[in-house]
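Enquirer: Next comes start_35.txt, compact mmCIF, C-alpha atoms:
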# COMPACT_ATOMS: atom_id res chain seq x y z
CA MET T 1 76.95 35.49 70.21
CA ASP T 2 80.74 35.01 70.40
CA LEU T 3 83.14 37.81 69.63
CA VAL T 4 84.06 36.58 66.15
CA THR T 5 80.42 36.17 65.14
CA TYR T 6 79.58 39.56 66.61
CA THR T 7 82.48 41.21 64.79
CA LEU T 8 81.55 39.62 61.47
CA ALA T 9 77.89 40.48 61.91
CA LYS T 10 78.79 44.06 62.70
CA LYS T 11 81.11 44.24 59.70
CA TYR T 12 78.43 42.88 57.39
CA THR T 13 75.82 45.14 58.89
CA ASN T 14 78.09 48.12 58.45
CA ASN T 15 78.73 47.09 54.85
CA TYR T 16 75.01 46.83 54.28
CA VAL T 17 74.26 50.19 55.82
CA ALA T 18 77.03 51.86 53.85
CA GLY T 19 76.07 50.12 50.65
CA SER T 20 72.41 50.93 51.05
CA TYR T 21 73.22 54.55 51.83
CA GLU T 22 75.37 54.84 48.74
CA ARG T 23 72.68 53.30 46.55
CA GLN T 24 70.03 55.54 48.07
CA MET T 25 72.11 58.61 47.28
CA LEU T 26 72.47 57.36 43.71
CA GLY T 27 68.75 56.88 43.40
CA LYS T 28 68.93 53.10 43.40
CA PRO T 29 66.83 50.69 45.46
CA PRO T 30 68.63 48.87 48.27
CA LEU T 31 69.90 45.39 47.49
CA HIS T 32 68.60 42.43 49.45
CA PRO T 33 70.82 42.09 52.55
CA SER T 34 72.01 38.63 51.48
CA ARG T 35 73.89 40.32 48.65
CA TYR T 36 76.16 41.76 51.34
CA GLY T 37 76.73 38.42 53.02
CA ILE T 38 74.09 38.97 55.70
CA ASN T 39 72.18 35.82 56.60
CA CYS T 40 68.78 37.31 55.80
CA LYS T 41 66.22 34.53 55.46
CA THR T 42 63.30 36.54 54.15
CA MET T 43 62.58 38.19 50.83
CA TYR T 44 59.55 40.28 49.95
CA PHE T 45 57.39 40.40 46.85
CA LYS T 46 55.54 43.68 46.36
CA MET T 47 52.35 42.68 44.59
CA ASP T 48 49.46 44.29 42.80
CA ALA T 49 46.11 42.58 43.13
CA GLY T 50 45.84 39.30 41.27
CA ARG T 51 47.51 35.95 41.04
CA PHE T 52 50.65 35.06 42.95
CA ASN T 53 52.16 31.77 41.84
CA PHE T 54 55.91 31.97 42.39
CA SER T 55 57.74 28.77 43.26
CA TRP T 56 60.84 28.21 45.38
CA ASP T 57 62.21 24.69 45.48
CA ASN T 58 64.35 24.78 48.59
CA PRO T 59 62.11 23.16 51.22
CA ALA T 60 64.39 24.01 54.14
CA GLY T 61 62.62 26.51 56.32
CA ARG T 62 60.28 27.52 53.53
CA LEU T 63 57.34 29.70 54.60
CA TRP T 64 55.20 32.03 52.53
CA THR T 65 53.05 34.67 54.18
CA PHE T 66 50.34 36.55 52.36
CA PRO T 67 48.59 39.86 52.98
CA ALA T 68 45.20 39.93 54.67
CA GLY T 69 42.40 39.05 52.30
CA THR T 70 44.44 36.62 50.20
CA VAL T 71 42.50 33.57 49.02
CA ASP T 72 43.49 30.25 47.47
CA TYR T 73 43.33 30.40 43.65
CA ASN T 74 41.49 27.08 43.34
CA THR T 75 39.26 26.99 46.41
CA ALA T 76 38.78 30.69 47.17
CA GLU T 77 39.40 29.81 50.82
CA PRO T 78 41.26 32.44 52.84
CA ILE T 79 44.95 31.70 53.22
CA SER T 80 47.58 33.49 55.26
CA THR T 81 50.61 31.21 55.13
CA SER T 82 51.93 28.23 53.19
CA THR T 83 54.94 25.95 53.17
CA ALA T 84 54.20 24.67 49.67
CA GLU T 85 56.78 24.84 46.92
CA GLN T 86 54.42 26.78 44.67
CA PRO T 87 51.44 28.40 46.34
CA ASP T 88 48.68 29.59 44.05
CA VAL T 89 46.74 32.44 45.55
CA ILE T 90 44.91 35.64 44.70
CA ILE T 91 46.19 38.83 46.27
CA PRO T 92 43.25 41.10 47.17
CA GLU T 93 42.37 44.46 45.72
CA GLY T 94 44.93 47.05 46.63
CA GLY T 95 47.75 44.54 46.53
CA GLY T 96 50.14 43.81 49.35
CA VAL T 97 53.41 42.20 50.25
CA VAL T 98 54.14 38.48 50.13
CA SER T 99 57.12 37.26 52.10
CA LEU T 100 59.16 34.14 51.53
CA THR T 101 61.36 32.78 54.26
CA SER T 102 64.02 30.19 53.46
CA ASP T 103 66.95 28.71 55.32
CA GLY T 104 69.14 29.42 52.32
CA TRP T 105 69.16 31.17 48.97
CA GLU T 106 72.41 29.88 47.52
CA GLY T 107 72.67 26.47 45.91
CA ASN T 108 70.95 24.55 43.18
CA TYR T 109 67.55 26.18 43.64
CA GLN T 110 65.07 27.94 41.40
CA LEU T 111 62.89 30.97 41.88
CA ASN T 112 60.21 30.80 39.21
CA ARG T 113 57.33 33.19 38.64
CA GLY T 114 54.90 30.42 37.65
CA ALA T 115 51.66 32.03 36.46
CA THR T 116 52.48 35.35 38.10
CA LYS T 117 52.89 38.13 35.56
CA SER T 118 52.31 41.84 35.81
CA GLU T 119 51.06 41.46 39.37
CA TYR T 120 54.68 41.45 40.57
CA VAL T 121 55.91 45.01 40.90
CA GLY T 122 59.24 44.31 42.53
CA ASP T 123 62.77 45.15 41.50
CA LEU T 124 65.80 43.03 40.61
CA ALA T 125 67.44 44.47 43.70
CA ASP T 126 64.81 42.77 45.88
CA ILE T 127 66.00 39.33 44.83
CA PRO T 128 68.26 37.60 47.35
CA LEU T 129 71.60 35.99 46.64
CA LEU T 130 70.33 33.31 44.28
CA THR T 131 73.08 31.36 42.56
CA ASN T 132 71.29 29.04 40.16
CA TYR T 133 68.09 30.00 38.34
CA LEU T 134 65.83 33.04 38.25
CA GLN T 135 62.73 33.03 36.05
CA ILE T 136 60.70 36.24 35.97
CA GLU T 137 59.38 36.02 32.39
CA ASN T 138 56.45 38.35 31.63
CA CYS T 139 56.76 40.24 34.89
CA SER T 140 56.16 43.34 32.83
CA LEU T 141 55.94 45.77 35.71
CA MET T 142 59.13 44.61 37.35
CA THR T 143 61.87 47.21 37.44
CA GLY T 144 65.59 47.05 37.87
CA ASN T 145 68.97 47.34 36.25
CA LEU T 146 70.90 44.35 34.92
CA ALA T 147 73.71 45.32 37.25
CA ASP T 148 71.42 44.33 40.14
CA ALA T 149 70.70 40.83 38.86
CA PRO T 150 71.71 38.15 41.37
CA PRO T 151 74.68 35.91 40.49
CA VAL T 152 72.65 33.11 38.94
CA LYS T 153 73.76 30.69 36.24
CA MET T 154 70.51 31.04 34.28
CA LEU T 155 68.34 34.11 33.91
CA ASN T 156 65.02 34.38 32.11
CA ALA T 157 63.65 37.91 32.02
CA ILE T 158 61.72 37.69 28.75
CA ARG T 159 59.36 40.63 28.23
CA CYS T 160 60.30 42.31 31.49
CA VAL T 161 59.91 45.47 29.50
CA LEU T 162 60.89 47.91 32.22
CA LEU T 163 64.29 46.38 32.91
CA THR T 164 67.19 48.64 32.00
CA GLY T 165 70.93 48.38 31.79
CA ASP T 166 73.89 47.38 29.69
CA ILE T 167 74.73 43.74 29.11
CA ILE T 168 78.28 44.49 30.22
CA ASP T 169 76.90 44.73 33.76
CA LEU T 170 75.40 41.26 33.82
CA PRO T 171 76.92 38.93 36.41
CA SER T 172 79.58 36.72 34.87
CA SER T 173 77.92 33.83 36.70
CA ILE T 174 75.27 33.71 33.96
CA ALA T 175 77.12 31.03 32.05
CA TYR T 176 74.44 28.79 30.60
CA VAL T 177 71.22 30.53 29.65
CA LEU T 178 70.30 34.18 29.17
CA TYR T 179 66.88 35.31 27.96
CA LEU T 180 66.26 39.03 27.61
CA GLN T 181 63.95 38.89 24.61
CA GLY T 182 61.49 41.74 24.46
CA CYS T 183 63.33 44.00 26.89
CA PRO T 184 63.64 47.08 24.68
CA LEU T 185 65.52 49.17 27.23
CA ILE T 186 68.42 46.74 27.41
CA THR T 187 71.48 48.10 25.62
CA GLY T 188 75.12 47.23 25.16
CA ASN T 189 77.68 45.88 22.78
CA LEU T 190 77.84 42.12 22.39
CA SER T 191 81.60 42.22 22.38
CA ASN T 192 81.29 42.94 26.11
CA LEU T 193 79.19 39.87 26.83
CA HIS T 194 80.98 36.84 28.23
CA ASN T 195 80.42 33.34 26.87
CA ILE T 196 76.93 31.96 27.38
CA ARG T 197 77.12 28.25 26.71
CA ASP T 198 73.63 26.99 25.89
CA VAL T 199 71.05 29.64 24.95
CA LEU T 200 71.30 33.35 24.25
CA GLN T 201 67.97 35.00 23.45
CA LEU T 202 68.33 38.75 22.87
CA SER T 203 65.68 39.41 20.23
CA ASN T 204 63.88 42.75 20.38
CA THR T 205 66.45 44.36 22.61
CA ASN T 206 68.58 47.39 21.81
CA ILE T 207 71.90 45.56 21.75
CA SER T 208 74.52 45.93 19.03
CA GLY T 209 78.00 44.64 18.20
CA ALA T 210 79.46 41.27 17.36
CA TYR T 211 79.21 38.26 19.64
CA THR T 212 82.48 36.42 19.26
CA ASN T 213 83.03 35.09 22.76
CA VAL T 214 82.38 31.56 21.56
CA SER T 215 84.72 28.64 21.07
CA GLY T 216 84.76 24.88 20.72
CA ASN T 217 81.43 23.47 21.86
CA ASN T 218 80.57 26.66 23.74
CA ALA T 219 78.45 28.25 21.05
CA PRO T 220 74.89 28.82 22.21
CA ASN T 221 71.69 28.62 20.27
CA VAL T 222 71.21 32.28 19.58
CA TRP T 223 68.29 34.61 18.81
CA LEU T 224 69.27 38.08 17.62
CA ASN T 225 66.08 39.08 15.81
CA ASN T 226 65.19 42.77 15.56
CA THR T 227 68.29 44.12 17.26
CA GLN T 228 70.73 46.92 16.39
CA ILE T 229 73.48 44.62 15.09
CA SER T 230 75.05 45.89 11.87
CA ALA T 231 75.68 43.68 8.82
CA GLU T 232 79.41 43.80 9.49
CA ASP T 233 78.96 42.74 13.11
CA MET T 234 76.58 39.98 12.03
CA ASP T 235 79.31 38.77 9.65
CA ALA T 236 81.82 38.69 12.50
CA THR T 237 79.35 36.81 14.68
CA LEU T 238 78.62 34.22 12.00
CA ILE T 239 82.32 33.72 11.32
CA ALA T 240 83.00 33.18 15.02
CA PHE T 241 80.20 30.63 15.31
CA ALA T 242 81.41 28.80 12.20
CA GLN T 243 84.81 28.37 13.83
CA CYS T 244 83.24 26.46 16.71
CA THR T 245 82.61 22.73 16.82
CA ARG T 246 79.08 22.56 18.20
CA THR T 247 76.65 20.91 15.79
CA GLY T 248 72.92 21.20 15.17
CA GLY T 249 72.39 24.64 16.63
CA THR T 250 70.06 27.53 15.85
CA PHE T 251 71.19 30.96 14.71
CA SER T 252 68.12 33.15 14.33
CA ALA T 253 68.44 36.71 13.06
CA ASN T 254 65.12 37.71 11.52
CA ASN T 255 65.03 41.20 10.03
CA MET T 256 68.80 41.46 10.25
CA THR T 257 71.45 41.72 7.55
CA ARG T 258 74.84 40.30 6.59
CA THR T 259 77.24 40.67 3.67
CA ALA T 260 79.23 38.40 1.36
CA THR T 261 81.96 38.34 3.99
CA SER T 262 80.01 35.69 5.86
CA ASP T 263 79.08 33.50 2.87
CA ASP T 264 81.61 30.80 3.72
CA ALA T 265 80.70 30.89 7.41
CA VAL T 266 77.00 30.41 6.66
CA ALA T 267 77.83 27.59 4.28
CA HIS T 268 79.94 25.76 6.87
CA LEU T 269 77.44 26.32 9.65
CA THR T 270 74.53 24.90 7.65
CA THR T 271 76.24 22.07 5.77
CA PRO T 272 75.07 18.72 7.18
CA VAL T 273 77.32 17.15 9.76
CA ALA T 274 77.62 14.04 7.58
CA GLU T 275 79.19 16.24 4.93
CA GLY T 276 81.68 17.90 7.24
CA GLY T 277 79.62 20.91 8.30
CA LEU T 278 78.03 21.85 11.57
CA GLY T 279 74.38 21.20 10.69
CA TRP T 280 73.01 24.50 12.04
CA THR T 281 69.90 26.38 10.99
CA VAL T 282 70.59 30.00 10.08
CA SER T 283 67.34 31.97 9.92
CA GLY T 284 66.07 35.23 8.60
CA LEU T 285 69.18 37.05 7.42
CA THR T 286 69.06 39.32 4.39
CA LYS T 287 72.22 39.77 2.37
CA VAL T 288 73.11 43.39 1.58
CA MET H 1 56.19 34.92 20.86
CA GLU H 2 58.04 35.62 17.64
CA GLU H 3 55.99 36.57 14.57
CA SER H 4 54.96 33.59 12.48
CA ILE H 5 57.08 33.22 9.34
CA THR H 6 55.86 32.00 5.95
CA TYR H 7 58.55 29.91 4.28
CA ILE H 8 58.83 29.88 0.50
CA LYS H 9 60.94 27.05 -0.86
CA TYR H 10 63.82 28.31 -2.96
CA ALA H 11 63.00 25.78 -5.67
CA ASP H 12 59.48 27.20 -5.92
CA TRP H 13 60.49 30.83 -5.91
CA ASN H 14 60.07 32.87 -9.08
CA ASN H 15 62.17 35.81 -7.97
CA GLY H 16 58.99 37.63 -6.98
CA GLU H 17 58.25 39.52 -3.83
CA LEU H 18 57.78 37.52 -0.70
CA PRO H 19 54.61 37.82 1.37
CA GLU H 20 54.69 39.78 4.58
CA ASN H 21 56.83 37.86 7.06
CA GLY H 22 57.92 35.65 4.17
CA CYS H 23 61.34 34.04 4.06
CA LEU H 24 63.10 31.96 1.43
CA LEU H 25 63.92 28.46 2.60
CA MET H 26 66.84 26.54 1.14
CA SER H 27 69.27 23.76 1.89
CA ALA H 28 72.95 24.26 2.53
CA GLN H 29 73.65 22.86 -0.92
CA GLU H 30 71.23 25.31 -2.54
CA PHE H 31 72.88 28.10 -0.61
CA VAL H 32 76.33 27.17 -1.87
CA GLU H 33 75.12 26.64 -5.42
CA GLY H 34 73.66 30.10 -5.85
CA GLY H 35 71.41 31.01 -2.96
CA LYS H 36 74.25 32.84 -1.28
CA ASN H 37 74.18 35.41 -4.06
CA ILE H 38 70.59 36.47 -3.43
CA ALA H 39 70.42 39.90 -1.88
CA GLY H 40 67.55 41.87 -0.46
CA VAL H 41 65.50 38.86 0.60
CA PRO H 42 65.47 37.15 3.99
CA ILE H 43 66.74 33.60 3.78
CA THR H 44 66.65 30.64 6.09
CA ILE H 45 69.12 27.85 5.48
CA THR H 46 68.80 24.43 7.03
CA PRO H 47 71.07 21.45 6.36
CA TYR H 48 68.61 19.69 4.03
CA GLY H 49 66.17 22.49 3.24
CA GLU H 50 63.58 21.37 5.75
CA GLU H 51 61.46 23.94 7.58
CA PRO H 52 63.01 24.78 10.88
CA GLU H 53 61.31 23.33 13.91
CA GLU H 54 59.60 25.77 16.19
CA THR H 55 62.61 26.54 18.27
CA GLU H 56 61.35 29.32 20.45
CA PRO H 57 63.15 28.23 23.55
CA GLU H 58 61.32 27.15 26.62
CA PHE H 59 63.01 27.85 29.92
Can you turn what I pasted into structure tokens?

Expert:
Amino acid sequence: MDLVTYTLAKKYTNNYVAGSYERQMLGKPPLHPSRYGINCKTMYFKMDAGRFNFSWDNPAGRLWTFPAGTVDYNTAEPISTSTAEQPDVIIPEGGGVVSLTSDGWEGNYQLNRGATKSEYVGDLADIPLLTNYLQIENCSLMTGNLADAPPVKMLNAIRCVLLTGDIIDLPSSIAYVLYLQGCPLITGNLSNLHNIRDVLQLSNTNISGAYTNVSGNNAPNVWLNNTQISAEDMDATLIAFAQCTRTGGTFSANNMTRTATSDDAVAHLTTPVAEGGLGWTVSGLTKV
Amino acid sequence: MEESITYIKYADWNNGELPENGCLLMSAQEFVEGGKNIAGVPITITPYGEEPEETEPEF
């Protein structure tokens, strides 16, 4: 190892040690070392017994290792390692730790839970420095704070009911798709959420406020059902969306309210494009 | 999954109570021509009054 490499490695290592110490003192789990710039090629999945079916689509250096007693889901044959994109195995009674080794985490890759659900008992902090797509939908025993989400562009954590945190702490990298539906411990004011371009699904969360960080064609399909958004904030949100140019979208707000202030906005949003409107569907709002 | 919604067409509505998980369905034109004044009832508006497609997003 040359001097520069050694110095950098030491600096990163020191940063990791200091960062991990600080988090430990604050009662937080340590972040995956790659979050500190350390070239750590392995991540670990703490698993309960049951199905493990995560996928990782970067083939470079990919190697899964499974705890003793793991069997193939389809053949029931014992299996200890795999280089497949999406292994499908059964973790034995008592659970264990699955490891995934990869030459790189950053780039246009996806970590997807597949058919794995409550068997995964990991934490958002365990996830390495992914930069594209993380899908952990229905991992209902997964823990973590939104502040510990990796800097992906797309995050799907639907019904990860134990996740906590304020949406203000989400990485600004999440620019395209954000699904937090059915995460009742998620809080925050929508005015603190940056623009999400394509899809924003926040139904059945504890969020409030108006979402007005939209403009031009950057107005996502949005689901705000069963949230804490007031009628006045819903008005402001509808008015902001009506000032955009995107056509044919979905604005779903079942069991939510609005007032007469947003009458014109709803009319413009829903008027057919051929008649000068935006052709959206606006669902479920009750006027108060 | 979201709860299933029963849509009642605005033209067929008699100002009565909606069923559980019921929602009035109207076109943008119907909304402008009077539907916007209805309070206390959940409403879904689509450009031409068609039932919305199942749009629960898939990731």

Enquirer: How many Å separate CA of Trp223 (chain T) from CA of Gln181 (chain T)?

Expert: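 Calculated distance between CA of Trp223 (chain T) and CA of Gln181 (chain T) is 8.4 Å.
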
Enquirer: Leaving out region 44-53 of chain T and any residue of its chain fewer than 4 positions from it, which residues lie within 7 Å of it when counting only C-alpha atoms, given as a ChimeraX atom specification?

Expert: /T:86-100,113-116,119-122

Enquirer: For the selection you just gave me, I'd like the residues written to a file as an mmCIF file, in the coordinates of the input, keeping C-alpha atoms.

Expert:
data_model
loop_
_atom_site.group_PDB
_atom_site.id
_atom_site.type_symbol
_atom_site.label_atom_id
_atom_site.label_comp_id
_atom_site.auth_asym_id
_atom_site.auth_seq_id
_atom_site.Cartn_x
_atom_site.Cartn_y
_atom_site.Cartn_z
ATOM 1 C CA GLN T 86 54.420 26.780 44.670
ATOM 2 C CA PRO T 87 51.440 28.400 46.340
ATOM 3 C CA ASP T 88 48.680 29.590 44.050
ATOM 4 C CA VAL T 89 46.740 32.440 45.550
ATOM 5 C CA ILE T 90 44.910 35.640 44.700
ATOM 6 C CA ILE T 91 46.190 38.830 46.270
ATOM 7 C CA PRO T 92 43.250 41.100 47.170
ATOM 8 C CA GLU T 93 42.370 44.460 45.720
ATOM 9 C CA GLY T 94 44.930 47.050 46.630
ATOM 10 C CA GLY T 95 47.750 44.540 46.530
ATOM 11 C CA GLY T 96 50.140 43.810 49.350
ATOM 12 C CA VAL T 97 53.410 42.200 50.250
ATOM 13 C CA VAL T 98 54.140 38.480 50.130
ATOM 14 C CA SER T 99 57.120 37.260 52.100
ATOM 15 C CA LEU T 100 59.160 34.140 51.530
ATOM 16 C CA ARG T 113 57.330 33.190 38.640
ATOM 17 C CA GLY T 114 54.900 30.420 37.650
ATOM 18 C CA ALA T 115 51.660 32.030 36.460
ATOM 19 C CA THR T 116 52.480 35.350 38.100
ATOM 20 C CA GLU T 119 51.060 41.460 39.370
ATOM 21 C CA TYR T 120 54.680 41.450 40.570
ATOM 22 C CA VAL T 121 55.910 45.010 40.900
ATOM 23 C CA GLY T 122 59.240 44.310 42.530
#

Enquirer: Could you tell me how far CA of Leu130 (chain T) sits from CA of Val177 (chain T), in Å to one decimal place?

Expert: 14.9 Å

Enquirer: Could you pull the residues within 12 Å of region 208-212 of chain T, counting all atoms listed in the file, minus those fewer than 6 positions along the same chain, as a VMD selection string?

Expert: chain T and resid 166 to 168 186 to 196 200 202 218 to 220 222 to 244 251 256 258

Enquirer: From the options T:Leu124, T:Leu134, T:Leu185, T:Leu146, which residue's atoms come nearest to chain H, counting all atoms listed in the file?

Expert: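 Of T:Leu124, T:Leu134, T:Leu185, T:Leu146, the one nearest chain H is T:Leu134, counting all atoms listed in the file.
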
Enquirer: List the spatial neighbours of Tyr10 (chain H) as JSON, numbers by chain - criterion: any atom at most 12 Å away, all atoms listed in the file, same-chain residues fewer than 3 positions off excluded.

Expert: {"H": [7, 13, 14, 15, 16, 18, 22, 23, 24, 25, 26, 27, 28, 29, 30, 31, 33, 34, 35, 36, 38, 41, 42, 43, 44, 45, 46, 49, 50, 51]}

Enquirer: Could you check which of T:Thr65, T:Thr245, T:Asn74, T:Asn221 is closest to chain H, using only C-alpha atoms?

Expert: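 Under the stated criterion, the closest residue is T:Asn221.
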
Enquirer: In Å, how far is it from CA of Thr81 (chain T) to CA of Phe66 (chain T)?

Expert: 6.0 Å

Enquirer: Just checking: using all atoms listed in the file, which residue out of H:Lys9, H:Pro52, H:Glu20, H:Asn37 ends up closest to Gly248 (chain T)?

Expert: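 Nearest to Gly248 (chain T): H:Pro52.
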
Enquirer: Which chain T residues have any atom within 8 Å of an atom of chain H, and for each, what is the nearest pair of atoms with distance in Å to one decimal, counting all atoms listed in the file, rows sorted by chain and number, as JSON lines?

Expert:
{"residue": "T:Asn156", "atom": "CA", "partner": "H:Phe59", "partner_atom": "CA", "distance": 7.2}
{"residue": "T:Thr250", "atom": "CA", "partner": "H:Thr55", "partner_atom": "CA", "distance": 7.9}
{"residue": "T:Asn254", "atom": "CA", "partner": "H:Pro42", "partner_atom": "CA", "distance": 7.6}
{"residue": "T:Asn255", "atom": "CA", "partner": "H:Pro42", "partner_atom": "CA", "distance": 7.3}
{"residue": "T:Ala260", "atom": "CA", "partner": "H:Lys36", "partner_atom": "CA", "distance": 7.9}
{"residue": "T:Asp263", "atom": "CA", "partner": "H:Lys36", "partner_atom": "CA", "distance": 6.4}
{"residue": "T:Ala267", "atom": "CA", "partner": "H:Ala28", "partner_atom": "CA", "distance": 6.2}
{"residue": "T:Thr270", "atom": "CA", "partner": "H:Pro47", "partner_atom": "CA", "distance": 5.1}
{"residue": "T:Thr271", "atom": "CA", "partner": "H:Ala28", "partner_atom": "CA", "distance": 5.1}
{"residue": "T:Pro272", "atom": "CA", "partner": "H:Pro47", "partner_atom": "CA", "distance": 4.9}
{"residue": "T:Gly279", "atom": "CA", "partner": "H:Pro47", "partner_atom": "CA", "distance": 5.5}
{"residue": "T:Trp280", "atom": "CA", "partner": "H:Thr46", "partner_atom": "CA", "distance": 6.5}
{"residue": "T:Thr281", "atom": "CA", "partner": "H:Thr46", "partner_atom": "CA", "distance": 4.5}
{"residue": "T:Val282", "atom": "CA", "partner": "H:Ile45", "partner_atom": "CA", "distance": 5.3}
{"residue": "T:Ser283", "atom": "CA", "partner": "H:Thr44", "partner_atom": "CA", "distance": 4.1}
{"residue": "T:Gly284", "atom": "CA", "partner": "H:Pro42", "partner_atom": "CA", "distance": 5.0}
{"residue": "T:Leu285", "atom": "CA", "partner": "H:Pro42", "partner_atom": "CA", "distance": 5.1}
{"residue": "T:Thr286", "atom": "CA", "partner": "H:Pro42", "partner_atom": "CA", "distance": 4.2}
{"residue": "T:Lys287", "atom": "CA", "partner": "H:Ala39", "partner_atom": "CA", "distance": 4.6}
{"residue": "T:Val288", "atom": "CA", "partner": "H:Ala39", "partner_atom": "CA", "distance": 5.6}

Enquirer: Restricting the calculation to all atoms listed in the file, which member of T:Thr261, T:Asn217, T:Ser102, T:Gln110 is positioned closest to Ser34 (chain T)?

Expert: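 Comparing T:Thr261, T:Asn217, T:Ser102, T:Gln110 against Ser34 (chain T), the winner is T:Ser102.
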
Enquirer: So that I can check the surroundings of Arg35 (chain T), please list as a PDB file with C-alpha atoms, in the coordinates of the input every protein, DNA and RNA residue that reaches within 7 Å of it, counting all atoms listed in the file and ignoring chain neighbours fewer than 4 positions away.

Expert:
ATOM      1  CA  LEU T  31      69.900  45.390  47.490  1.00  0.00           C
ATOM      2  CA  PRO T 128      68.260  37.600  47.350  1.00  0.00           C
ATOM      3  CA  LEU T 129      71.600  35.990  46.640  1.00  0.00           C
TER       4      LEU T 129
END

Enquirer: Extending 5 Å beyond the listed atoms of region 30-47 of chain H on each side, what axis-aligned box results? I want centre and edge lengths in Å to one decimal, as JSON.

Expert:
{"center_x": 70.9, "center_y": 31.7, "center_z": 0.6, "size_x": 20.9, "size_y": 30.4, "size_z": 22.9}

Enquirer: Could you rebuild region 17-29 of chain H with N, CA and C atoms and give me the result as an mmCIF file, in the frame of the given file?

Expert:
data_model
loop_
_atom_site.group_PDB
_atom_site.id
_atom_site.type_symbol
_atom_site.label_atom_id
_atom_site.label_comp_id
_atom_site.auth_asym_id
_atom_site.auth_seq_id
_atom_site.Cartn_x
_atom_site.Cartn_y
_atom_site.Cartn_z
ATOM 1 N N GLU H 17 58.253 39.017 -5.204
ATOM 2 C CA GLU H 17 58.250 39.520 -3.830
ATOM 3 C C GLU H 17 57.742 38.444 -2.880
ATOM 4 N N LEU H 18 58.253 38.457 -1.709
ATOM 5 C CA LEU H 18 57.780 37.520 -0.700
ATOM 6 C C LEU H 18 56.595 38.121 0.042
ATOM 7 N N PRO H 19 55.716 37.284 0.558
ATOM 8 C CA PRO H 19 54.610 37.820 1.370
ATOM 9 C C PRO H 19 55.152 38.446 2.645
ATOM 10 N N GLU H 20 54.298 39.191 3.310
ATOM 11 C CA GLU H 20 54.690 39.780 4.580
ATOM 12 C C GLU H 20 55.119 38.655 5.534
ATOM 13 N N ASN H 21 56.234 38.869 6.178
ATOM 14 C CA ASN H 21 56.830 37.860 7.060
ATOM 15 C C ASN H 21 57.232 36.602 6.287
ATOM 16 N N GLY H 22 57.452 36.771 4.968
ATOM 17 C CA GLY H 22 57.920 35.650 4.170
ATOM 18 C C GLY H 22 59.434 35.522 4.231
ATOM 19 N N CYS H 23 59.904 34.298 4.002
ATOM 20 C CA CYS H 23 61.340 34.040 4.060
ATOM 21 C C CYS H 23 61.660 32.884 3.115
ATOM 22 N N LEU H 24 62.686 33.062 2.301
ATOM 23 C CA LEU H 24 63.100 31.960 1.430
ATOM 24 C C LEU H 24 63.694 30.846 2.276
ATOM 25 N N LEU H 25 63.408 29.624 1.880
ATOM 26 C CA LEU H 25 63.920 28.460 2.600
ATOM 27 C C LEU H 25 64.751 27.623 1.648
ATOM 28 N N MET H 26 65.983 27.335 2.021
ATOM 29 C CA MET H 26 66.840 26.540 1.140
ATOM 30 C C MET H 26 67.760 25.638 1.954
ATOM 31 N N SER H 27 68.314 24.658 1.253
ATOM 32 C CA SER H 27 69.270 23.760 1.890
ATOM 33 C C SER H 27 70.663 24.379 1.831
ATOM 34 N N ALA H 28 71.565 23.785 2.579
ATOM 35 C CA ALA H 28 72.950 24.260 2.530
ATOM 36 C C ALA H 28 73.507 24.135 1.120
ATOM 37 N N GLN H 29 73.150 23.055 0.453
ATOM 38 C CA GLN H 29 73.650 22.860 -0.920
ATOM 39 C C GLN H 29 73.104 23.945 -1.848
#
